[in-house]
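Enquirer: I am sharing protein_30.txt, which consists of compact mmCIF, C-alpha atoms and all ligand atoms:
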```txt
# COMPACT_ATOMS: atom_id res chain seq x y z
CA MET I 28 -19.19 24.95 3.36
CA ASP I 29 -16.02 23.10 2.29
CA ARG I 30 -13.09 25.46 2.37
CA ILE I 31 -11.25 25.95 -0.91
CA LYS I 32 -7.52 25.33 -0.67
CA VAL I 33 -5.47 28.34 -1.73
CA GLY I 34 -1.77 29.13 -1.98
CA VAL I 35 0.16 32.41 -2.08
CA VAL I 36 3.37 32.64 -4.09
CA GLY I 37 5.50 35.57 -2.96
CA ALA I 38 3.92 35.76 0.50
CA THR I 39 6.65 37.90 2.04
CA GLY I 40 6.18 40.84 -0.33
CA TYR I 41 3.86 43.72 0.42
CA SER I 42 0.95 42.50 -1.69
CA GLY I 43 1.51 38.82 -0.82
CA ALA I 44 1.62 39.52 2.91
CA GLU I 45 -1.56 41.58 2.65
CA LEU I 46 -3.18 38.69 0.82
CA VAL I 47 -2.14 36.24 3.53
CA ARG I 48 -3.70 38.58 6.11
CA LEU I 49 -6.99 38.63 4.18
CA LEU I 50 -7.05 34.91 3.40
CA LEU I 51 -6.48 33.89 7.01
CA SER I 52 -9.78 35.59 7.90
CA HIS I 53 -11.69 34.50 4.79
CA PRO I 54 -14.42 32.03 5.76
CA GLY I 55 -14.38 30.20 2.41
CA VAL I 56 -10.72 29.32 2.07
CA GLU I 57 -7.87 27.48 3.72
CA LEU I 58 -4.33 28.73 3.14
CA VAL I 59 -2.33 25.57 2.39
CA PHE I 60 0.96 27.00 1.18
CA ALA I 61 2.87 30.26 1.04
CA THR I 62 6.22 30.78 -0.67
CA SER I 63 9.37 32.83 -0.30
CA GLU I 64 12.81 32.27 -1.72
CA GLN I 65 14.76 34.21 0.88
CA GLN I 66 12.72 33.20 3.92
CA ALA I 67 11.86 29.60 3.02
CA GLY I 68 11.76 27.45 6.15
CA LYS I 69 10.46 30.21 8.41
CA SER I 70 6.90 30.05 9.69
CA LEU I 71 4.32 32.71 8.85
CA ARG I 72 4.60 33.83 12.46
CA GLN I 73 8.34 34.43 12.07
CA ALA I 74 8.25 35.99 8.61
CA LEU I 75 5.13 38.13 9.08
CA PRO I 76 5.16 39.10 12.76
CA HIS I 77 2.34 41.64 12.30
CA LEU I 78 -0.11 38.73 11.91
CA GLY I 79 -1.85 37.42 14.99
CA GLY I 80 -5.24 36.52 16.32
CA PRO I 81 -6.72 33.05 16.41
CA HIS I 82 -5.02 31.89 13.23
CA ASP I 83 -2.57 29.05 13.05
CA LEU I 84 0.63 30.73 11.88
CA ARG I 85 2.81 27.64 11.98
CA LEU I 86 2.60 27.18 8.20
CA GLN I 87 6.15 27.07 6.87
CA LEU I 88 7.20 29.18 3.90
CA ARG I 89 8.40 27.09 0.98
CA PRO I 90 10.40 27.91 -2.13
CA LEU I 91 8.53 28.28 -5.41
CA ASP I 92 8.35 24.84 -7.01
CA PRO I 93 5.20 24.83 -9.15
CA ALA I 94 5.35 21.08 -9.84
CA ALA I 95 5.39 20.28 -6.12
CA LEU I 96 2.80 22.90 -5.14
CA ALA I 97 0.26 22.60 -7.97
CA GLY I 98 -1.50 19.56 -6.53
CA GLU I 99 -2.02 21.19 -3.15
CA ALA I 100 -4.26 24.15 -3.93
CA GLU I 101 -7.27 24.86 -6.09
CA VAL I 102 -6.52 28.57 -6.44
CA VAL I 103 -3.02 30.02 -6.51
CA PHE I 104 -2.17 33.70 -6.16
CA LEU I 105 1.07 34.86 -7.76
CA CYS I 106 2.51 37.97 -6.07
CA LEU I 107 5.79 38.05 -7.96
CA PRO I 108 7.94 40.66 -9.67
CA HIS I 109 6.87 41.10 -13.26
CA GLY I 110 8.33 38.57 -15.65
CA VAL I 111 8.47 35.77 -13.08
CA SER I 112 4.83 34.63 -13.21
CA MET I 113 4.85 33.82 -16.90
CA ASP I 114 7.35 31.03 -16.30
CA ALA I 115 5.49 29.54 -13.34
CA VAL I 116 1.91 29.75 -14.52
CA GLU I 117 1.78 26.82 -16.94
CA VAL I 118 2.55 24.16 -14.36
CA PHE I 119 -0.09 25.51 -12.01
CA LEU I 120 -2.69 25.61 -14.79
CA GLU I 121 -1.79 22.12 -15.97
CA GLY I 122 -2.07 20.93 -12.40
CA GLY I 123 -5.70 22.07 -12.43
CA CYS I 124 -5.25 25.26 -10.39
CA ARG I 125 -6.94 28.53 -11.12
CA VAL I 126 -4.40 31.30 -11.03
CA ILE I 127 -4.83 34.93 -9.98
CA ASP I 128 -1.70 36.83 -10.97
CA LEU I 129 -1.13 40.14 -9.21
CA GLY I 130 1.66 41.13 -11.57
CA ALA I 131 1.51 42.54 -15.08
CA ASP I 132 2.42 39.42 -17.04
CA PHE I 133 -1.09 38.57 -18.24
CA ARG I 134 -2.77 41.98 -18.31
CA PHE I 135 -2.18 42.71 -21.97
CA ARG I 136 -4.03 41.26 -24.90
CA ASP I 137 -1.26 42.11 -27.34
CA PRO I 138 2.21 40.63 -26.64
CA ALA I 139 3.78 43.46 -28.68
CA VAL I 140 2.45 45.96 -26.13
CA TYR I 141 3.98 43.93 -23.30
CA LYS I 142 7.31 43.81 -25.10
CA ALA I 143 7.27 47.54 -25.86
CA TRP I 144 6.60 48.59 -22.25
CA TYR I 145 8.30 45.83 -20.24
CA ALA I 146 11.36 45.58 -22.50
CA LYS I 147 11.28 41.84 -23.01
CA PRO I 148 9.35 39.42 -25.18
CA HIS I 149 6.42 37.63 -23.58
CA ALA I 150 7.23 33.99 -22.81
CA ARG I 151 3.60 32.80 -22.98
CA PRO I 152 1.75 34.91 -25.56
CA ASP I 153 -0.57 31.94 -26.15
CA LEU I 154 -2.13 32.48 -22.71
CA LEU I 155 -2.88 36.18 -23.14
CA SER I 156 -6.18 35.69 -24.95
CA GLU I 157 -7.38 33.40 -22.20
CA ALA I 158 -6.47 35.64 -19.28
CA VAL I 159 -9.30 37.75 -17.90
CA TYR I 160 -8.50 41.29 -16.78
CA GLY I 161 -9.74 41.06 -13.22
CA LEU I 162 -11.49 44.34 -12.59
CA PRO I 163 -14.76 42.85 -11.33
CA GLU I 164 -16.72 46.08 -11.73
CA LEU I 165 -16.16 45.83 -15.50
CA HIS I 166 -15.51 42.16 -16.24
CA ARG I 167 -17.47 40.14 -13.72
CA ASN I 168 -19.22 38.24 -16.52
CA LEU I 169 -15.86 37.19 -17.98
CA LEU I 170 -14.60 35.90 -14.65
CA SER I 171 -17.56 33.69 -13.97
CA GLY I 172 -20.63 32.89 -15.97
CA PRO I 173 -21.60 32.64 -19.59
CA GLY I 174 -18.86 35.02 -20.79
CA ALA I 175 -16.02 33.15 -19.11
CA GLY I 176 -15.87 30.31 -21.61
CA THR I 177 -12.56 28.91 -20.46
CA ALA I 178 -12.15 25.21 -19.78
CA PRO I 179 -12.74 23.61 -17.39
CA GLY I 180 -16.22 24.84 -16.49
CA THR I 181 -17.36 28.37 -16.98
CA ARG I 182 -15.01 30.13 -14.62
CA ALA I 183 -11.82 31.84 -15.71
CA ARG I 184 -8.63 29.79 -15.21
CA LEU I 185 -6.24 32.70 -15.35
CA VAL I 186 -7.04 36.11 -13.88
CA ALA I 187 -4.79 39.10 -14.44
CA ASN I 188 -5.32 41.28 -11.39
CA PRO I 189 -5.14 44.92 -12.52
CA GLY I 190 -2.30 47.27 -11.66
CA CYS I 191 -2.77 49.65 -8.75
CA TYR I 192 -2.69 52.89 -10.75
CA PRO I 193 -4.89 51.45 -13.53
CA THR I 194 -7.54 50.43 -10.97
CA GLY I 195 -7.99 54.00 -9.73
CA ALA I 196 -7.75 55.48 -13.22
CA ILE I 197 -10.08 53.07 -15.01
CA LEU I 198 -12.74 53.33 -12.32
CA ALA I 199 -12.49 57.13 -12.61
CA LEU I 200 -13.00 57.15 -16.36
CA ALA I 201 -14.99 54.08 -17.40
CA PRO I 202 -18.52 55.54 -17.08
CA LEU I 203 -17.48 58.65 -19.03
CA VAL I 204 -15.67 56.78 -21.81
CA THR I 205 -18.44 54.22 -22.18
CA ARG I 206 -20.95 57.01 -22.75
CA GLY I 207 -18.68 59.03 -25.04
CA LEU I 208 -18.91 61.96 -22.64
CA ILE I 209 -15.27 63.00 -22.95
CA GLU I 210 -13.09 63.67 -25.96
CA ARG I 211 -11.14 60.46 -25.79
CA ASN I 212 -7.78 61.93 -26.74
CA THR I 213 -7.85 64.73 -24.16
CA ILE I 214 -7.50 62.50 -21.11
CA ILE I 215 -4.81 63.21 -18.54
CA VAL I 216 -4.33 60.98 -15.52
CA ASP I 217 -2.24 62.27 -12.64
CA SER I 218 -1.68 59.89 -9.73
CA LYS I 219 0.13 60.01 -6.40
CA SER I 220 1.19 56.79 -4.77
CA GLY I 221 2.50 55.76 -1.39
CA VAL I 222 5.88 54.09 -1.22
CA SER I 223 4.61 50.52 -0.69
CA GLY I 224 3.59 50.64 -4.37
CA GLY I 225 7.22 50.01 -5.23
CA GLY I 226 7.33 46.69 -3.39
CA ARG I 227 9.47 45.50 -0.50
CA ALA I 228 12.73 44.81 -2.27
CA PRO I 229 15.06 47.74 -1.44
CA LYS I 230 15.51 50.40 -4.13
CA LEU I 231 17.32 53.70 -3.80
CA ASP I 232 14.34 55.92 -4.77
CA PHE I 233 12.31 54.32 -2.00
CA HIS I 234 15.00 54.71 0.65
CA PHE I 235 13.64 56.81 3.57
CA PRO I 236 15.91 59.87 3.18
CA GLU I 237 15.21 59.94 -0.57
CA CYS I 238 11.42 59.85 -0.41
CA ASN I 239 10.55 61.33 2.96
CA GLU I 240 9.45 64.99 2.81
CA ASN I 241 9.69 64.77 -0.95
CA ILE I 242 7.29 64.46 -3.87
CA LYS I 243 8.38 63.68 -7.35
CA ALA I 244 6.98 62.69 -10.71
CA TYR I 245 8.65 59.64 -12.18
CA ARG I 246 8.72 57.74 -15.46
CA VAL I 247 7.00 60.74 -17.01
CA GLY I 248 5.45 59.76 -20.33
CA ARG I 249 6.77 56.21 -20.08
CA HIS I 250 5.20 54.50 -17.09
CA GLN I 251 4.24 50.90 -17.87
CA HIS I 252 0.71 51.32 -16.52
CA THR I 253 -0.12 53.75 -19.35
CA PRO I 254 -0.90 51.08 -21.97
CA GLU I 255 -2.89 49.09 -19.43
CA ILE I 256 -5.21 52.04 -18.76
CA GLU I 257 -5.41 52.72 -22.50
CA GLN I 258 -6.20 49.10 -23.30
CA GLU I 259 -9.12 48.93 -20.89
CA LEU I 260 -10.57 52.34 -21.79
CA SER I 261 -10.24 51.50 -25.48
CA ARG I 262 -12.26 48.34 -24.90
CA LEU I 263 -15.04 50.50 -23.49
CA SER I 264 -14.85 53.12 -26.19
CA ALA I 265 -15.76 52.79 -29.84
CA GLU I 266 -12.29 54.12 -30.72
CA PRO I 267 -8.76 53.67 -29.34
CA VAL I 268 -7.96 55.87 -26.35
CA THR I 269 -4.52 57.40 -25.86
CA LEU I 270 -3.76 59.40 -22.77
CA THR I 271 -1.09 61.08 -20.70
CA PHE I 272 -0.34 59.38 -17.38
CA THR I 273 1.99 60.89 -14.79
CA PRO I 274 2.66 59.01 -11.54
CA HIS I 275 4.13 60.64 -8.46
CA LEU I 276 5.77 59.17 -5.41
CA VAL I 277 4.60 60.75 -2.16
CA PRO I 278 5.87 60.17 1.37
CA MET I 279 3.14 57.95 2.75
CA THR I 280 3.10 54.20 3.15
CA ARG I 281 -0.05 53.31 1.26
CA GLY I 282 -2.71 54.86 -0.90
CA ILE I 283 -3.18 56.20 -4.39
CA LEU I 284 -4.95 59.43 -5.19
CA THR I 285 -5.77 59.76 -8.87
CA VAL I 286 -7.00 62.89 -10.59
CA ALA I 287 -8.28 62.35 -14.14
CA TYR I 288 -9.09 65.17 -16.54
CA GLY I 289 -10.85 65.21 -19.90
CA THR I 290 -12.62 67.68 -22.14
CA LEU I 291 -16.36 67.17 -22.22
CA ALA I 292 -17.71 66.07 -25.58
CA ARG I 293 -20.97 67.89 -24.81
CA PRO I 294 -22.08 70.29 -22.10
CA LEU I 295 -22.93 68.56 -18.84
CA ASP I 296 -22.92 69.77 -15.27
CA THR I 297 -21.46 68.15 -12.15
CA ARG I 298 -24.82 66.78 -11.13
CA GLY I 299 -25.17 65.05 -14.52
CA ILE I 300 -21.67 63.55 -14.34
CA LEU I 301 -22.22 62.25 -10.81
CA ALA I 302 -25.52 60.73 -11.93
CA CYS I 303 -23.61 58.63 -14.51
CA PHE I 304 -21.23 57.33 -11.86
CA ARG I 305 -24.12 56.58 -9.52
CA GLU I 306 -25.96 54.71 -12.25
CA ASP I 307 -22.98 52.49 -13.13
CA TYR I 308 -21.71 51.95 -9.61
CA ARG I 309 -24.93 51.87 -7.58
CA ALA I 310 -24.73 48.10 -6.98
CA GLU I 311 -20.96 48.06 -6.48
CA PRO I 312 -20.14 47.18 -2.89
CA PHE I 313 -16.66 48.69 -3.01
CA ILE I 314 -17.24 51.95 -4.88
CA ARG I 315 -18.54 54.97 -3.06
CA VAL I 316 -19.59 57.91 -5.24
CA LEU I 317 -19.32 60.97 -3.05
CA ASP I 318 -21.75 63.87 -2.99
CA GLN I 319 -21.21 67.06 -4.94
CA GLU I 320 -18.28 69.08 -3.54
CA GLU I 321 -16.93 66.04 -1.68
CA PHE I 322 -13.62 64.57 -2.77
CA PRO I 323 -11.79 61.41 -1.72
CA GLU I 324 -8.83 61.16 0.59
CA THR I 325 -6.44 58.22 0.83
CA LYS I 326 -6.88 57.93 4.60
CA HIS I 327 -10.59 57.29 4.13
CA VAL I 328 -9.88 54.07 2.25
CA ALA I 329 -6.59 52.90 3.78
CA GLY I 330 -6.91 49.31 4.97
CA THR I 331 -10.10 48.74 2.94
CA ASN I 332 -11.01 47.42 -0.49
CA ARG I 333 -13.00 50.55 -1.28
CA CYS I 334 -12.59 53.10 -4.03
CA HIS I 335 -13.98 56.55 -3.21
CA LEU I 336 -14.82 58.78 -6.16
CA GLY I 337 -15.67 62.46 -6.50
CA ALA I 338 -16.15 64.59 -9.61
CA ARG I 339 -16.69 68.12 -10.74
CA VAL I 340 -17.25 69.83 -14.06
CA ASP I 341 -15.10 72.90 -14.54
CA THR I 342 -17.51 74.93 -16.68
CA ARG I 343 -14.84 77.57 -17.29
CA THR I 344 -12.61 75.15 -19.21
CA GLY I 345 -15.19 72.60 -20.31
CA ARG I 346 -13.27 69.86 -18.53
CA VAL I 347 -14.43 67.23 -16.12
CA VAL I 348 -12.20 66.39 -13.16
CA VAL I 349 -12.62 63.00 -11.47
CA VAL I 350 -10.79 62.06 -8.28
CA THR I 351 -10.45 58.52 -6.90
CA ALA I 352 -8.71 57.16 -3.82
CA ILE I 353 -7.77 53.53 -3.22
CA ASP I 354 -5.41 51.60 -0.99
CA ASN I 355 -2.79 50.33 -3.46
CA LEU I 356 -2.29 47.12 -1.46
CA LEU I 357 -6.03 46.36 -1.21
CA LYS I 358 -8.29 47.57 -4.04
CA GLY I 359 -5.03 48.03 -5.97
CA ALA I 360 -3.75 44.49 -5.27
CA ALA I 361 -4.65 41.95 -2.55
CA GLY I 362 -8.21 43.11 -1.83
CA GLN I 363 -9.08 43.07 -5.50
CA ALA I 364 -7.51 39.61 -5.80
CA VAL I 365 -9.82 38.35 -3.03
CA GLN I 366 -12.75 40.05 -4.78
CA ASN I 367 -11.78 38.13 -7.93
CA LEU I 368 -11.48 34.92 -5.93
CA ASN I 369 -15.00 35.44 -4.60
CA VAL I 370 -16.35 35.89 -8.13
CA LEU I 371 -14.56 32.72 -9.27
CA LEU I 372 -15.94 30.76 -6.33
CA GLY I 373 -19.46 32.13 -6.71
CA LEU I 374 -19.31 33.69 -3.24
CA PRO I 375 -20.67 37.13 -2.37
CA GLU I 376 -17.98 39.53 -3.59
CA THR I 377 -17.63 41.07 -0.17
CA THR I 378 -16.70 37.78 1.54
CA GLY I 379 -13.63 38.35 3.69
CA LEU I 380 -13.56 42.03 2.73
CA ALA I 381 -16.71 43.59 4.12
CA GLY I 382 -15.43 43.98 7.66
CA LEU I 383 -12.41 46.07 6.74
CA GLN I 384 -12.67 49.61 8.06
CA ALA I 385 -10.22 52.39 7.33
CA TYR I 386 -7.84 53.12 10.15
CA TRP I 387 -8.23 56.86 10.48
CA PRO I 388 -6.57 59.25 11.19
N1 LIG M 1 2.97 46.89 -4.14
C1 LIG M 1 1.84 47.24 -4.71
O1 LIG M 1 1.19 48.23 -4.32
C2 LIG M 1 1.30 46.46 -5.88
C3 LIG M 1 0.01 46.79 -6.34
C4 LIG M 1 -0.50 46.07 -7.44
C5 LIG M 1 0.25 45.10 -8.05
N2 LIG M 1 1.50 44.83 -7.60
C6 LIG M 1 2.26 43.80 -8.29
O2 LIG M 1 2.28 42.63 -7.48
C7 LIG M 1 3.53 41.94 -7.67
C8 LIG M 1 4.21 41.84 -6.31
O3 LIG M 1 4.44 43.16 -5.85
P1 LIG M 1 4.95 43.46 -4.37
O4 LIG M 1 4.95 44.93 -4.24
O5 LIG M 1 4.21 42.64 -3.39
O6 LIG M 1 6.47 42.93 -4.50
P2 LIG M 1 7.55 42.64 -3.35
O7 LIG M 1 7.12 43.33 -2.09
O8 LIG M 1 8.86 42.98 -3.92
O9 LIG M 1 7.43 41.05 -3.12
C9 LIG M 1 7.86 40.14 -4.09
C10 LIG M 1 7.65 38.72 -3.59
O10 LIG M 1 8.08 37.81 -4.61
C11 LIG M 1 9.08 36.93 -4.09
N3 LIG M 1 10.06 36.73 -5.17
C12 LIG M 1 10.87 37.67 -5.72
N4 LIG M 1 11.58 37.14 -6.75
C13 LIG M 1 11.18 35.85 -6.85
C14 LIG M 1 11.54 34.78 -7.73
N5 LIG M 1 12.42 34.94 -8.72
N6 LIG M 1 10.94 33.58 -7.55
C15 LIG M 1 10.04 33.40 -6.55
N7 LIG M 1 9.67 34.36 -5.69
C16 LIG M 1 10.23 35.58 -5.85
C17 LIG M 1 9.65 37.63 -2.89
O11 LIG M 1 10.10 36.63 -1.97
P3 LIG M 1 11.44 36.68 -1.11
O12 LIG M 1 12.06 38.03 -1.33
O13 LIG M 1 10.98 36.47 0.31
O14 LIG M 1 12.26 35.57 -1.60
C18 LIG M 1 8.44 38.38 -2.34
O15 LIG M 1 7.65 37.51 -1.55
C19 LIG M 1 4.34 42.78 -8.66
O16 LIG M 1 4.20 42.24 -9.93
C20 LIG M 1 3.69 44.16 -8.57
O17 LIG M 1 3.84 44.89 -9.76
C21 LIG M 1 2.04 45.47 -6.50
```
In structure tokens, write the structure found in this file.
Ligand SMILES: NC(=O)c1ccc[n+]([C@@H]2O[C@H](COP(=O)([O-])OP(=O)(O)OC[C@H]3O[C@@H](n4cnc5c(N)ncnc54)[C@H](OP(=O)(O)O)[C@@H]3O)[C@@H](O)[C@H]2O)c1
Expert:
Amino acid sequence: MDRIKVGVVGATGYSGAELVRLLLSHPGVELVFATSEQQAGKSLRQALPHLGGPHDLRLQLRPLDPAALAGEAEVVFLCLPHGVSMDAVEVFLEGGCRVIDLGADFRFRDPAVYKAWYAKPHARPDLLSEAVYGLPELHRNLLSGPGAGTAPGTRARLVANPGCYPTGAILALAPLVTRGLIERNTIIVDSKSGVSGGGRAPKLDFHFPECNENIKAYRVGRHQHTPEIEQELSRLSAEPVTLTFTPHLVPMTRGILTVAYGTLARPLDTRGILACFREDYRAEPFIRVLDQEEFPETKHVAGTNRCHLGARVDTRTGRVVVVTAIDNLLKGAAGQAVQNLNVLLGLPETTGLAGLQAYWP
């Protein structure tokens, strides 16, 4: 098979570096460029010394210059701070590249929602209707196939890779919301994230003495992933969904544990709830629905593209509790981006991802 040429913009960040690691072992692609502003000129070997193996790591990091890079790759991954991708994307698209953006710039359908939660107007609102929200478990048909409908061909040109918290939350709630099994305005999502979720650029809250041996809730009632979760659950529901989302920072490097709560719209037991998840996710290679009384742990998915899911009905309160665990850098970012790439290329979705095992303990 001819290898597809791919490039990674922002390859020295946590999600970009993880993507480089995955792409180097992906049998269907060739990494032709990787960018960094601060480390331009260094080789991958110098900038990402954790990489090794048989791969050629002499590739030199280059600064982001979309006009110069667009002709070199067929698929470009943008792993940039939010607000930066929207200025770079046009040149890549016009150059014929398909773009998978790991940031938030193209996740919203409504530019007013972006402006309200990211505190700046969207520079390319015209592209929002074209972008496909890249959660393959829900939108595979929009990424590739009859539903894609974006020129050229039938594959999406612009994929908005979901946020890390939204991935765990949406997968926890989608089967319940789709079936109308929970009162849609009773949903609470409580998530705990490892520190790599904040990116590599130094920030005081993520400084070791500040976050080690400490747990805290942050951006309570105003985290920017709230409208993203609401948008996707509203799409699945007949009515708009509003919910409470509270993220927490916990002293681990990677992983997100999400606990989602909602009041049942009609009586159902744990077995019945788990049956819904099994029905929707039975063919999903990356979702593991656990048995009754089993609940996910972040260490069981760390280093993999899997999402583990457990659920229980609390008959005393009439609420359902769903727990998911993902690795924020994989199913929450780079792994999901490769899954999206595979869908775009018509490859088995597990290509380059199936061999990843959790490193436990
Ligand atoms: N971390 C996660 O768990 C996670 C999960 C899901 C989604 N995301 C999203 O993915 C994106 C990247 O996140 P991250 O955590 O990987 O960030 P990060 O660790 O801070 O890395 C950012 C990367 O972007 C480059 N960069 C920064 N400013 C730039 C600019 N103005 N022009 C060109 N390149 C620039 C940096 O390069 P140099 O510093 O080397 O110049 C670095 O390679 C964000 O939008 C984030 O929200 C992150």
Enquirer: Select, from I:Cys191, I:Ala310, I:Leu71, I:Leu51, the residue with the minimum atom-to-atom distance to ligand LIG 1 (chain M), counting all atoms listed in the file.
Expert: I:Cys191
Enquirer: List all protein, DNA and RNA residues that have any atom at most 8 Å from ligand LIG 1 (chain M), counting all atoms listed in the file, and write the list as JSON, numbers by chain.
Expert: {"I": [36, 37, 38, 39, 40, 41, 42, 43, 44, 62, 63, 64, 65, 66, 67, 90, 91, 105, 106, 107, 108, 109, 110, 111, 128, 129, 130, 131, 132, 188, 189, 190, 191, 192, 223, 224, 225, 226, 227, 228, 281, 355, 356, 357, 359, 360, 361]}
Enquirer: Distance atom CA of I:Glu157-atom CA of I:Glu121, one decimal place?
Expert: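 Between atom CA of I:Glu157 and atom CA of I:Glu121 the gap is 14.0 Å.
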Enquirer: Can you pull out every residue within 6 Å of stretch 351-353 of chain I, counting only C-alpha atoms, but drop anything in the same chain fewer than 4 positions away, and send it as a PyMOL selection string?
Expert: chain I and resi 195+282-285+323-325+328+334-336
Enquirer: In Å, with one decimal, what is the gap from atom CA of I:Ile31 to atom CA of I:His53?
Expert: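 Those two atoms sit 10.3 Å apart.
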Enquirer: Would you please work out which residue, of I:Pro236, I:Pro254, I:Pro163, I:Pro278, is nearest to I:Ser220 when using all atoms listed in the file?
Expert: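 Once distances to I:Ser220 are computed over all atoms listed in the file, the minimum belongs to I:Pro278.
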Enquirer: For the atom pair atom CA of I:Asp296 and atom CA of I:Thr342, what is the interatomic distance in Å to one decimal place?
Expert: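 Going from atom CA of I:Asp296 over to atom CA of I:Thr342 covers 7.6 Å.
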